[in-house]
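Asks: Got a file for you: final21.csv, CSV, C-alpha atoms.
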```csv
chain,number,residue,atom,x,y,z
I,1,MET,CA,73.9,-73.8,26.0
I,2,PRO,CA,75.8,-73.2,22.8
I,3,PRO,CA,73.8,-73.3,19.5
I,4,ARG,CA,73.7,-76.6,17.6
I,5,GLN,CA,76.2,-76.6,14.7
I,6,LYS,CA,74.7,-77.4,11.3
I,7,THR,CA,76.6,-79.6,8.9
I,8,PRO,CA,77.6,-77.7,5.8
I,9,PRO,CA,75.7,-78.8,2.7
I,10,ALA,CA,79.0,-80.0,1.0
I,11,GLU,CA,79.8,-82.3,3.9
I,12,ARG,CA,76.4,-84.1,4.1
I,13,GLU,CA,76.4,-87.7,3.1
I,14,LYS,CA,74.3,-88.1,-0.1
I,15,PRO,CA,71.8,-91.1,0.0
I,16,ARG,CA,73.2,-94.0,-1.9
I,17,ARG,CA,71.0,-95.1,-4.8
I,18,GLY,CA,70.9,-98.8,-5.7
I,19,PRO,CA,71.2,-100.1,-9.2
I,20,LYS,CA,68.6,-98.8,-11.6
I,21,GLY,CA,65.3,-100.7,-11.6
I,22,GLU,CA,65.7,-102.1,-8.1
I,23,GLY,CA,63.6,-99.4,-6.4
I,24,SER,CA,64.4,-97.6,-3.1
I,25,LEU,CA,63.7,-97.5,0.6
I,26,TYR,CA,62.2,-94.5,2.3
I,27,LEU,CA,61.2,-93.7,5.9
I,28,ARG,CA,57.6,-92.8,6.5
I,29,GLY,CA,56.5,-92.3,10.1
I,30,HIS,CA,58.1,-94.9,12.3
I,31,SER,CA,58.9,-97.6,9.6
I,32,TRP,CA,60.6,-98.1,6.3
I,33,TRP,CA,58.7,-98.6,3.0
I,34,TYR,CA,60.0,-100.1,-0.2
I,35,LYS,CA,59.0,-98.5,-3.6
I,36,VAL,CA,59.6,-100.1,-6.9
I,37,ASP,CA,58.0,-99.6,-10.3
I,38,GLY,CA,55.3,-97.4,-8.8
I,39,GLN,CA,54.3,-99.9,-6.1
I,40,ARG,CA,54.8,-99.4,-2.4
I,41,PHE,CA,55.4,-102.2,0.1
I,42,PRO,CA,55.6,-101.7,3.9
I,43,THR,CA,58.6,-103.5,5.4
I,44,GLY,CA,57.1,-103.5,8.9
I,45,THR,CA,60.4,-102.4,10.5
I,46,ARG,CA,62.2,-99.2,11.5
I,47,ILE,CA,65.6,-100.9,11.3
I,48,LYS,CA,67.4,-100.1,8.1
I,49,SER,CA,69.2,-103.4,7.8
I,50,GLU,CA,66.0,-105.4,8.2
I,51,ALA,CA,64.3,-103.1,5.6
I,52,THR,CA,67.2,-103.8,3.2
I,53,ASP,CA,66.7,-107.5,3.7
I,54,PHE,CA,63.0,-107.1,2.9
I,55,LYS,CA,63.9,-105.2,-0.3
I,56,ILE,CA,66.2,-108.0,-1.5
I,57,ARG,CA,63.6,-110.7,-0.8
I,58,LYS,CA,60.7,-108.7,-2.4
I,59,LEU,CA,62.8,-107.8,-5.5
I,60,ALA,CA,63.7,-111.5,-5.9
I,61,GLU,CA,60.1,-112.5,-5.5
I,62,LEU,CA,58.9,-110.0,-8.2
I,63,ARG,CA,61.6,-111.0,-10.6
I,64,VAL,CA,61.0,-114.7,-10.3
I,65,GLY,CA,57.3,-114.0,-11.0
I,66,GLY,CA,58.3,-113.3,-14.7
I,67,ALA,CA,57.7,-110.6,-17.2
I,68,GLU,CA,54.0,-111.4,-17.6
I,69,ALA,CA,53.3,-110.9,-13.9
I,70,ARG,CA,55.5,-107.8,-13.5
I,71,PRO,CA,56.0,-106.3,-16.9
I,72,HIS,CA,57.9,-103.3,-15.7
I,73,ILE,CA,60.5,-105.2,-13.7
I,74,LYS,CA,63.5,-106.6,-15.5
I,75,PRO,CA,63.6,-110.4,-15.0
I,76,LEU,CA,66.5,-111.7,-13.1
I,77,LYS,CA,68.7,-113.6,-15.5
I,78,ALA,CA,70.2,-116.8,-14.0
I,79,ARG,CA,74.0,-116.9,-13.7
I,80,PRO,CA,75.8,-119.5,-15.7
I,81,THR,CA,75.4,-122.8,-13.9
I,82,THR,CA,76.9,-126.2,-14.5
I,83,VAL,CA,75.0,-129.4,-14.3
I,84,ASN,CA,77.0,-130.5,-11.3
I,85,GLU,CA,75.9,-127.4,-9.4
I,86,LEU,CA,72.2,-128.1,-10.3
I,87,LEU,CA,72.6,-131.7,-9.1
I,88,ASP,CA,74.4,-130.6,-5.9
I,89,ALA,CA,71.4,-128.2,-5.1
I,90,HIS,CA,68.9,-131.0,-5.8
I,91,LEU,CA,70.7,-133.5,-3.6
I,92,ALA,CA,71.0,-130.9,-0.8
I,93,HIS,CA,67.2,-130.4,-1.1
I,94,MET,CA,66.6,-134.2,-0.9
I,95,PHE,CA,68.8,-134.5,2.2
I,96,GLU,CA,67.0,-131.5,3.9
I,97,GLN,CA,63.8,-133.3,3.3
I,98,ASN,CA,65.2,-136.6,4.7
I,99,ARG,CA,64.4,-138.5,1.6
I,100,GLN,CA,65.4,-142.1,2.0
I,101,SER,CA,66.4,-142.4,-1.7
I,102,ALA,CA,68.9,-139.5,-1.5
I,103,ASN,CA,72.0,-141.7,-1.1
I,104,ASN,CA,70.9,-144.0,-3.9
I,105,VAL,CA,70.2,-141.0,-6.2
I,106,ALA,CA,73.6,-139.5,-5.4
I,107,SER,CA,75.3,-142.8,-6.3
I,108,VAL,CA,73.4,-143.1,-9.7
I,109,LEU,CA,74.3,-139.5,-10.6
I,110,ALA,CA,77.9,-140.0,-9.7
I,111,LYS,CA,78.2,-143.1,-11.8
I,112,HIS,CA,76.3,-142.1,-14.9
I,113,VAL,CA,75.0,-138.5,-15.2
I,114,ARG,CA,77.9,-136.4,-13.8
I,115,PRO,CA,80.6,-138.0,-16.0
I,116,HIS,CA,78.5,-137.2,-19.1
I,117,PHE,CA,77.0,-133.8,-18.3
I,118,GLY,CA,78.7,-132.6,-15.1
I,119,ASP,CA,80.9,-129.7,-16.2
I,120,ARG,CA,78.6,-128.5,-19.0
I,121,ASN,CA,76.6,-125.3,-18.8
I,122,ALA,CA,73.0,-126.3,-17.9
I,123,ALA,CA,71.5,-123.5,-19.9
I,124,VAL,CA,72.8,-124.7,-23.3
I,125,LEU,CA,71.7,-128.4,-23.0
I,126,THR,CA,68.9,-129.3,-25.4
I,127,THR,CA,66.7,-132.3,-26.0
I,128,ALA,CA,69.2,-133.5,-28.7
I,129,ASP,CA,71.9,-133.8,-25.9
I,130,PHE,CA,69.5,-135.9,-23.8
I,131,ARG,CA,68.7,-138.1,-26.8
I,132,GLU,CA,72.4,-138.6,-27.4
I,133,TYR,CA,72.8,-139.6,-23.7
I,134,ARG,CA,70.1,-142.2,-24.1
I,135,GLU,CA,71.8,-143.6,-27.2
I,136,VAL,CA,75.1,-143.9,-25.3
I,137,LYS,CA,73.5,-145.6,-22.3
I,138,THR,CA,71.5,-147.9,-24.5
I,139,ALA,CA,74.8,-149.0,-26.1
I,140,GLN,CA,76.1,-149.8,-22.6
I,141,LYS,CA,73.2,-152.2,-22.2
I,142,LEU,CA,71.2,-150.1,-19.7
I,143,SER,CA,67.4,-150.6,-19.8
I,144,PRO,CA,65.1,-147.9,-21.1
I,145,ALA,CA,63.6,-147.7,-17.6
I,146,SER,CA,67.0,-147.1,-16.0
I,147,ILE,CA,67.8,-144.4,-18.5
I,148,ASN,CA,64.4,-142.8,-17.7
I,149,ARG,CA,65.5,-142.6,-14.0
I,150,HIS,CA,68.7,-140.9,-14.9
I,151,LEU,CA,67.0,-138.2,-17.0
I,152,ALA,CA,64.3,-137.8,-14.3
I,153,TYR,CA,67.0,-137.1,-11.7
I,154,LEU,CA,68.5,-134.6,-14.0
I,155,ARG,CA,65.2,-132.9,-14.7
I,156,ALA,CA,64.6,-132.7,-10.9
I,157,GLY,CA,67.9,-130.8,-10.7
I,158,TYR,CA,66.5,-128.3,-13.2
I,159,ILE,CA,63.3,-127.9,-11.3
I,160,THR,CA,65.2,-127.3,-8.1
I,161,GLY,CA,67.4,-124.7,-9.8
I,162,LEU,CA,64.4,-122.9,-11.2
I,163,LYS,CA,61.9,-123.1,-8.4
I,164,ARG,CA,63.5,-123.9,-5.1
I,165,VAL,CA,66.5,-121.5,-4.9
I,166,THR,CA,66.8,-117.7,-5.1
I,167,PRO,CA,68.3,-116.3,-7.2
I,168,ARG,CA,67.4,-119.1,-9.6
I,169,MET,CA,70.1,-121.1,-11.2
I,170,VAL,CA,68.4,-121.7,-14.6
I,171,ASP,CA,65.8,-119.8,-16.6
I,172,PHE,CA,63.9,-122.8,-18.0
I,173,ILE,CA,63.4,-126.5,-17.9
I,174,PRO,CA,64.3,-128.2,-21.2
I,175,SER,CA,62.3,-131.1,-22.7
I,176,PHE,CA,63.5,-134.6,-21.8
I,177,PRO,CA,62.9,-137.6,-24.1
I,178,MET,CA,61.3,-140.1,-21.8
I,179,VAL,CA,60.4,-143.6,-23.0
I,180,ASP,CA,57.0,-145.2,-22.3
I,181,GLU,CA,57.4,-147.8,-19.5
I,182,SER,CA,53.9,-149.3,-19.5
I,183,TYR,CA,55.4,-152.5,-20.9
I,184,ASN,CA,57.7,-152.7,-17.8
I,185,VAL,CA,55.1,-153.4,-15.2
I,186,ARG,CA,55.9,-156.7,-13.5
I,187,GLN,CA,53.1,-159.3,-13.4
I,188,GLY,CA,54.7,-161.6,-10.8
I,189,PHE,CA,52.8,-162.8,-7.7
I,190,LEU,CA,52.7,-166.0,-5.6
I,191,THR,CA,49.7,-168.3,-5.1
I,192,PHE,CA,48.9,-170.0,-1.8
I,193,ASP,CA,50.3,-173.2,-3.1
I,194,GLY,CA,53.5,-171.4,-4.0
I,195,TYR,CA,53.6,-169.8,-0.6
I,196,GLU,CA,53.7,-173.2,1.1
I,197,LYS,CA,56.5,-174.4,-1.2
I,198,VAL,CA,58.7,-171.4,-0.8
I,199,LEU,CA,58.1,-171.4,3.0
I,200,ALA,CA,59.4,-174.9,3.1
I,201,THR,CA,62.7,-174.1,1.4
I,202,LEU,CA,63.6,-170.9,3.3
I,203,PRO,CA,66.0,-171.0,6.2
I,204,VAL,CA,64.3,-170.5,9.6
I,205,SER,CA,65.5,-167.0,10.0
I,206,LEU,CA,63.8,-165.8,6.9
I,207,LYS,CA,60.5,-167.6,7.5
I,208,PRO,CA,58.9,-165.0,9.8
I,209,LEU,CA,59.9,-162.2,7.4
I,210,PHE,CA,58.5,-164.1,4.4
I,211,VAL,CA,55.2,-164.8,6.2
I,212,CYS,CA,54.7,-161.2,7.0
I,213,ALA,CA,55.5,-160.0,3.5
I,214,PHE,CA,53.0,-162.4,2.1
I,215,HIS,CA,50.2,-161.2,4.4
I,216,VAL,CA,50.8,-157.4,4.3
I,217,SER,CA,51.7,-155.3,1.3
I,218,SER,CA,54.7,-153.5,2.9
I,219,ARG,CA,58.1,-152.8,1.3
I,220,LYS,CA,61.0,-155.1,2.2
I,221,GLY,CA,62.9,-152.2,3.8
I,222,GLU,CA,60.0,-151.2,6.0
I,223,LEU,CA,59.5,-154.8,7.2
I,224,GLN,CA,63.3,-155.2,7.9
I,225,ASN,CA,63.3,-152.1,10.1
I,226,ILE,CA,60.4,-153.1,12.4
I,227,LEU,CA,61.4,-153.1,16.1
I,228,TRP,CA,59.6,-155.0,18.9
I,229,SER,CA,58.5,-151.7,20.4
I,230,GLN,CA,56.3,-151.3,17.3
I,231,VAL,CA,54.6,-154.7,17.6
I,232,ASP,CA,51.5,-155.2,19.7
I,233,LEU,CA,50.7,-158.9,19.7
I,234,ALA,CA,47.7,-158.4,22.0
I,235,GLU,CA,46.0,-155.9,19.7
I,236,GLY,CA,47.2,-157.6,16.6
I,237,LEU,CA,48.9,-154.5,15.1
I,238,ILE,CA,52.3,-153.4,13.9
I,239,VAL,CA,52.8,-149.6,13.9
I,240,LEU,CA,55.2,-148.3,11.3
I,241,ASP,CA,57.0,-145.1,12.2
I,242,SER,CA,56.7,-142.3,9.7
I,243,ARG,CA,60.5,-142.0,9.7
I,244,GLU,CA,60.9,-145.5,8.4
I,245,THR,CA,58.4,-145.4,5.5
I,246,LYS,CA,59.2,-144.4,2.0
I,247,ASN,CA,56.6,-141.7,1.8
I,248,ARG,CA,57.1,-140.5,5.4
I,249,THR,CA,53.6,-141.5,6.4
I,250,GLY,CA,53.0,-143.6,9.5
I,251,ARG,CA,50.8,-146.7,9.0
I,252,ALA,CA,49.4,-149.7,10.9
I,253,LEU,CA,49.7,-153.3,9.7
I,254,PRO,CA,47.3,-156.0,10.8
I,255,ILE,CA,48.6,-159.2,12.3
I,256,TYR,CA,46.5,-162.1,11.1
I,257,GLY,CA,46.7,-165.6,9.6
I,258,ASP,CA,50.1,-167.3,9.8
I,259,MET,CA,51.6,-164.0,11.1
I,260,VAL,CA,50.2,-164.6,14.6
I,261,ASN,CA,52.1,-167.8,15.3
I,262,ALA,CA,55.2,-166.7,13.3
I,263,LEU,CA,55.6,-163.5,15.4
I,264,ALA,CA,54.7,-165.1,18.7
I,265,ASP,CA,57.4,-167.8,18.1
I,266,GLN,CA,59.9,-165.2,17.1
I,267,LYS,CA,59.2,-163.2,20.3
I,268,LYS,CA,59.7,-166.3,22.5
I,269,LEU,CA,63.0,-167.1,20.8
I,270,ARG,CA,64.2,-163.5,21.1
I,271,ASP,CA,63.3,-163.2,24.8
I,272,ALA,CA,65.0,-166.5,25.5
I,273,ASP,CA,68.2,-166.2,23.5
I,274,PHE,CA,68.6,-162.6,22.4
I,275,PRO,CA,67.0,-160.3,25.0
I,276,ASP,CA,68.9,-157.3,23.8
I,277,CYS,CA,67.8,-157.6,20.1
I,278,GLN,CA,65.5,-154.8,19.1
I,279,SER,CA,64.8,-156.0,15.6
I,280,VAL,CA,61.8,-158.3,14.9
I,281,PHE,CA,63.6,-160.1,12.1
I,282,PHE,CA,67.0,-161.4,13.1
I,283,TRP,CA,69.4,-164.2,12.2
I,284,HIS,CA,69.0,-167.5,14.1
I,285,VAL,CA,72.0,-169.4,15.4
I,286,GLU,CA,71.6,-172.3,12.9
I,287,ASP,CA,71.5,-170.1,9.9
I,288,VAL,CA,74.6,-168.2,10.8
I,289,LEU,CA,76.5,-171.4,11.5
I,290,ILE,CA,75.8,-172.8,8.0
I,291,GLY,CA,76.4,-169.5,6.3
I,292,HIS,CA,72.9,-168.2,5.4
I,293,GLY,CA,73.6,-164.9,7.2
I,294,GLY,CA,76.9,-164.2,5.5
I,295,THR,CA,80.3,-163.9,7.2
I,296,ARG,CA,79.6,-160.7,8.9
I,297,SER,CA,76.3,-161.7,10.6
I,298,ILE,CA,76.1,-162.9,14.1
I,299,PRO,CA,73.2,-164.7,15.9
I,300,GLY,CA,70.6,-162.1,16.9
I,301,SER,CA,71.7,-159.5,14.5
I,302,ALA,CA,69.1,-157.8,12.2
I,303,ILE,CA,68.5,-159.3,8.8
I,304,LYS,CA,69.9,-156.9,6.1
I,305,LYS,CA,71.1,-158.6,3.0
I,306,PHE,CA,69.8,-162.0,2.0
I,307,HIS,CA,69.5,-161.9,-1.8
I,308,ALA,CA,71.7,-165.0,-2.4
I,309,THR,CA,69.7,-167.1,0.2
I,310,TRP,CA,66.4,-165.9,-1.3
I,311,SER,CA,67.4,-166.8,-4.9
I,312,LYS,CA,68.5,-170.3,-3.8
I,313,ALA,CA,65.3,-170.9,-1.9
I,314,VAL,CA,62.8,-169.8,-4.6
I,315,LYS,CA,64.8,-171.7,-7.2
I,316,ALA,CA,64.5,-174.8,-5.1
I,317,ALA,CA,60.7,-174.2,-4.7
I,318,GLY,CA,60.2,-173.9,-8.5
I,319,PHE,CA,59.9,-170.1,-8.7
I,320,PRO,CA,63.4,-168.9,-9.9
I,321,SER,CA,62.1,-165.6,-11.1
I,322,LEU,CA,60.2,-164.6,-8.0
I,323,LEU,CA,61.3,-161.4,-6.4
I,324,PHE,CA,60.8,-160.5,-2.8
I,325,HIS,CA,59.0,-157.4,-4.0
I,326,ASP,CA,56.4,-159.6,-5.7
I,327,LEU,CA,55.1,-160.5,-2.3
I,328,ARG,CA,53.9,-156.9,-1.9
I,329,ARG,CA,51.9,-157.2,-5.1
I,330,THR,CA,50.6,-160.6,-3.9
I,331,ALA,CA,49.4,-159.3,-0.6
I,332,GLU,CA,47.6,-156.3,-2.3
I,333,ARG,CA,45.9,-158.7,-4.6
I,334,ASN,CA,44.9,-161.1,-1.8
I,335,MET,CA,43.4,-158.3,0.2
I,336,ALA,CA,41.4,-157.2,-2.8
I,337,LYS,CA,40.1,-160.8,-3.4
I,338,ALA,CA,39.2,-161.1,0.3
I,339,GLY,CA,36.8,-158.1,-0.1
I,340,MET,CA,38.9,-155.3,1.6
I,341,ASP,CA,38.0,-151.9,0.1
I,342,GLN,CA,40.6,-150.0,-1.8
I,343,ALA,CA,40.9,-147.1,0.7
I,344,MET,CA,41.8,-149.6,3.5
I,345,ARG,CA,44.3,-151.4,1.2
I,346,MET,CA,46.0,-148.1,0.4
I,347,LYS,CA,46.3,-147.4,4.1
I,348,ILE,CA,48.1,-150.7,4.7
I,349,SER,CA,50.3,-150.7,1.6
I,350,GLY,CA,51.1,-147.0,1.8
I,351,HIS,CA,50.1,-146.2,-1.8
I,352,LYS,CA,49.2,-142.6,-2.3
I,353,THR,CA,47.1,-142.9,-5.4
I,354,PRO,CA,44.4,-145.4,-6.5
I,355,SER,CA,46.3,-146.0,-9.8
I,356,MET,CA,49.2,-147.7,-7.9
I,357,SER,CA,46.8,-149.8,-6.0
I,358,ILE,CA,44.9,-150.9,-9.1
I,359,ARG,CA,48.2,-151.6,-10.9
I,360,TYR,CA,49.1,-154.2,-8.2
I,361,ASN,CA,45.7,-156.0,-8.4
I,362,ILE,CA,46.8,-158.4,-11.1
I,363,LEU,CA,44.2,-160.6,-12.7
I,364,THR,CA,45.0,-164.2,-13.4
I,365,ALA,CA,43.3,-166.6,-15.9
I,366,ALA,CA,41.4,-168.1,-13.0
I,367,ASP,CA,40.1,-164.7,-12.0
I,368,ILE,CA,38.9,-164.0,-15.5
I,369,ALA,CA,37.3,-167.5,-15.7
I,370,ALA,CA,35.4,-166.9,-12.5
I,371,GLU,CA,34.1,-163.6,-13.9
I,372,LYS,CA,33.2,-165.3,-17.2
I,373,THR,CA,31.0,-167.7,-15.2
I,374,LYS,CA,29.2,-164.8,-13.6
I,375,MET,CA,28.7,-163.0,-16.9
I,376,ASP,CA,27.5,-166.3,-18.5
I,377,GLU,CA,24.9,-166.7,-15.8
I,378,TRP,CA,23.8,-163.1,-16.1
I,379,PHE,CA,23.5,-163.4,-19.9
I,380,LYS,CA,21.3,-166.5,-19.6
I,381,GLU,CA,19.1,-164.7,-17.1
I,382,GLN,CA,18.6,-161.8,-19.5
I,383,LYS,CA,17.8,-164.0,-22.4
I,384,ALA,CA,15.3,-165.9,-20.3
I,385,LYS,CA,13.6,-162.7,-19.3
I,386,THR,CA,13.4,-161.6,-23.0
I,387,LYS,CA,11.7,-164.9,-24.0
I,388,LYS,CA,9.1,-164.4,-21.4
I,389,ILE,CA,8.2,-161.0,-22.7
```
Show me this structure written as structure tokens.

Replies:
Amino acid sequence: MPPRQKTPPAEREKPRRGPKGEGSLYLRGHSWWYKVDGQRFPTGTRIKSEATDFKIRKLAELRVGGAEARPHIKPLKARPTTVNELLDAHLAHMFEQNRQSANNVASVLAKHVRPHFGDRNAAVLTTADFREYREVKTAQKLSPASINRHLAYLRAGYITGLKRVTPRMVDFIPSFPMVDESYNVRQGFLTFDGYEKVLATLPVSLKPLFVCAFHVSSRKGELQNILWSQVDLAEGLIVLDSRETKNRTGRALPIYGDMVNALADQKKLRDADFPDCQSVFFWHVEDVLIGHGGTRSIPGSAIKKFHATWSKAVKAAGFPSLLFHDLRRTAERNMAKAGMDQAMRMKISGHKTPSMSIRYNILTAADIAAEKTKMDEWFKEQKAKTKKI
């Protein structure tokens, strides 16, 4: 067997060194290790390409940690990024998370934020630029709350660019001038007397939807999307699919009060006239014929848009400013007055924090008057006890 030929020293391939400060890979035993700034990390593989991938990820992780966490590693400076690129990254994240508001946010950004900031370098924008945007939009008659939403979406883009992508797209999140919205909390709700009046003025197709909204504090979109497969009349429950709720949490709604007969009658009508209809709330024949459902609606089709019909009905009932969303606040308040504890109310309404639940429990003058009577009686009792002593 001929002796093995050795490669002359001049012909050997010299190891390629990476850029200074990025560390190096070396083989120890049967696996590769990564060394940087005096620290060693096992890659857990003996395949060079996989070890290289590990090096890239680990270096990015150490750099994003910042100079305080890794003082000897040069921080990775973000590349110049436009606001449009930040917003694109944030919307991509929203769609990946299946956020129901993604399309609406995209529309708002396209109409307002992108035309103003889109092509500008995100790294050079300051609070003064955002104040100037607020002034421009205020001059266009937009409300302070709406402008807050615009700036909140933009700030979310910065957060995505800094924390959710590697390498990061920006190095910091600027300060945004947000306006206090505590004044903007709606106080509308519907009394039982008002409930009867509005119910009488609504077209028959909307009555079951209205009844359910008054009884359970669910959002309009959640109610509109309910299918018969989610309704158990025997058990008295409606099960909301997590994919259909705003916060992606499944819930169960109780069927009680007027809901029992309203849903039972709706089921009979559906079985008799529209057996293929999967939606619980649909347009009835008489409402489509007289135009309540709009020109595109057909009998048995799911109820989608009904703003004009709703406005006409509540105006006729004497409540022109009543919003359909006010029924959510009303149901929350009614459940509280009936004695249901806060934890159970939050499970039904889908509120994640007690503060939102408390915010919806609006007090009326009658409520305060009732509490005044209780306190007046307590005060008299205490005075009587003092006199006896």

Asks: Just to confirm, what's the straight-line distance from atom CA of Lys374 of chain I to atom CA of Met346 of chain I in Å (one decimal)?

Replies: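 Rounded to one decimal, the two atoms are 27.5 Å apart.
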
Asks: Which residue out of I:Trp310, I:Trp228, I:Phe41, I:Tyr256 has the minimum interatomic distance to Pro275 of chain I when all atoms listed in the file are used?

Replies: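 Smallest separation from Pro275 of chain I among the options: I:Trp228.
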
Asks: Write out as a list in words each polymer residue whose atoms come within 9 Å of Ser311 of chain I, counting only C-alpha atoms; drop sequence neighbours fewer than 2 positions from it.

Replies: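 Near Ser311 of chain I, the qualifying residues are Phe306, His307, Ala308, Thr309, Ala313, Val314, Lys315, Ala316, Pro320, Ser321, Leu322 and Leu323 of chain I.
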
Asks: Please write the residues from the selection above to a file, keeping C-alpha atoms, as a compact mmCIF listing (two decimals), in the frame of the given file.

Replies:
```txt
# COMPACT_ATOMS: atom_id res chain seq x y z
CA PHE I 306 69.80 -162.00 2.00
CA HIS I 307 69.50 -161.90 -1.80
CA ALA I 308 71.70 -165.00 -2.40
CA THR I 309 69.70 -167.10 0.20
CA ALA I 313 65.30 -170.90 -1.90
CA VAL I 314 62.80 -169.80 -4.60
CA LYS I 315 64.80 -171.70 -7.20
CA ALA I 316 64.50 -174.80 -5.10
CA PRO I 320 63.40 -168.90 -9.90
CA SER I 321 62.10 -165.60 -11.10
CA LEU I 322 60.20 -164.60 -8.00
CA LEU I 323 61.30 -161.40 -6.40
```

Asks: Between atom CA of Lys268 of chain I and atom CA of His215 of chain I, what is the spacing in Å?

Replies: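 Separation between atom CA of His215 of chain I and atom CA of Lys268 of chain I: 21.1 Å.
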
Asks: Using only C-alpha atoms, which residues sit within 9 Å of Leu233 of chain I once same-chain residues fewer than 5 positions away are excluded, as a list in words?

Replies: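 Everything that qualifies: Ile238, Ile255, Val260, Leu263 and Ala264 of chain I.
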
Asks: With only C-alpha atoms as the basis for distance, which of I:Glu196, I:Phe324, I:Thr52, I:His112 is at the shortest distance from Leu142 of chain I?

Replies: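 Checking each candidate against Leu142 of chain I, we get I:His112 as the closest.
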
Asks: Please return as a list in words every residue within 9 Å of (62.6, -144.9, -20.3), taking into account all atoms listed in the file and the file's own coordinates.

Replies: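 Answer for this query, in the requested form: Arg134, Ser143, Pro144, Ala145, Ser146, Ile147, Asn148, Arg149, Leu151, Pro177, Met178, Val179, Asp180 and Glu181 of chain I.
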
Asks: Quick one: everything within 10 Å of Gly194 of chain I, counting all atoms listed in the file, minus sequence neighbours fewer than 6 positions away in the same chain. Send it as a PDB file with C-alpha atoms, keeping the file's coordinate frame.

Replies:
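Final output, part.pdb:
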```pdb
ATOM      1  CA  ALA I 200      59.400-174.900   3.100  1.00  0.00           C
ATOM      2  CA  VAL I 314      62.800-169.800  -4.600  1.00  0.00           C
ATOM      3  CA  ALA I 317      60.700-174.200  -4.700  1.00  0.00           C
ATOM      4  CA  GLY I 318      60.200-173.900  -8.500  1.00  0.00           C
ATOM      5  CA  PHE I 319      59.900-170.100  -8.700  1.00  0.00           C
TER       6      PHE I 319
END
```

Asks: Take atom CA of Phe274 of chain I and atom CA of Asn261 of chain I and report the distance between them in Å, one decimal.

Replies: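 Atom CA of Phe274 of chain I sits 18.7 Å away from atom CA of Asn261 of chain I.
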
Asks: From the list I:Lys55, I:Lys380, I:Lys385, I:Lys267, which residue is nearest Phe282 of chain I when using only C-alpha atoms?

Replies: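 Of I:Lys55, I:Lys380, I:Lys385, I:Lys267, the one nearest Phe282 of chain I, counting only C-alpha atoms, is I:Lys267.
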
Asks: Identify, on the basis of all atoms listed in the file, every residue whose closest approach to Asn84 of chain I does not exceed 9 Å; exclude the query and any residue fewer than 5 positions from it along the same chain; express the result as a PyMOL selection string.

Replies: chain I and resi 89+114+117-120+122

Asks: For the point (51.3, -158.4, 5.0) in the file's frame, write as a PyMOL selection string all residues with an atom no more than 12 Å away, counting all atoms listed in the file.

Replies: chain I and resi 208-220+222-223+237-238+252-260+325-335+345+348-350
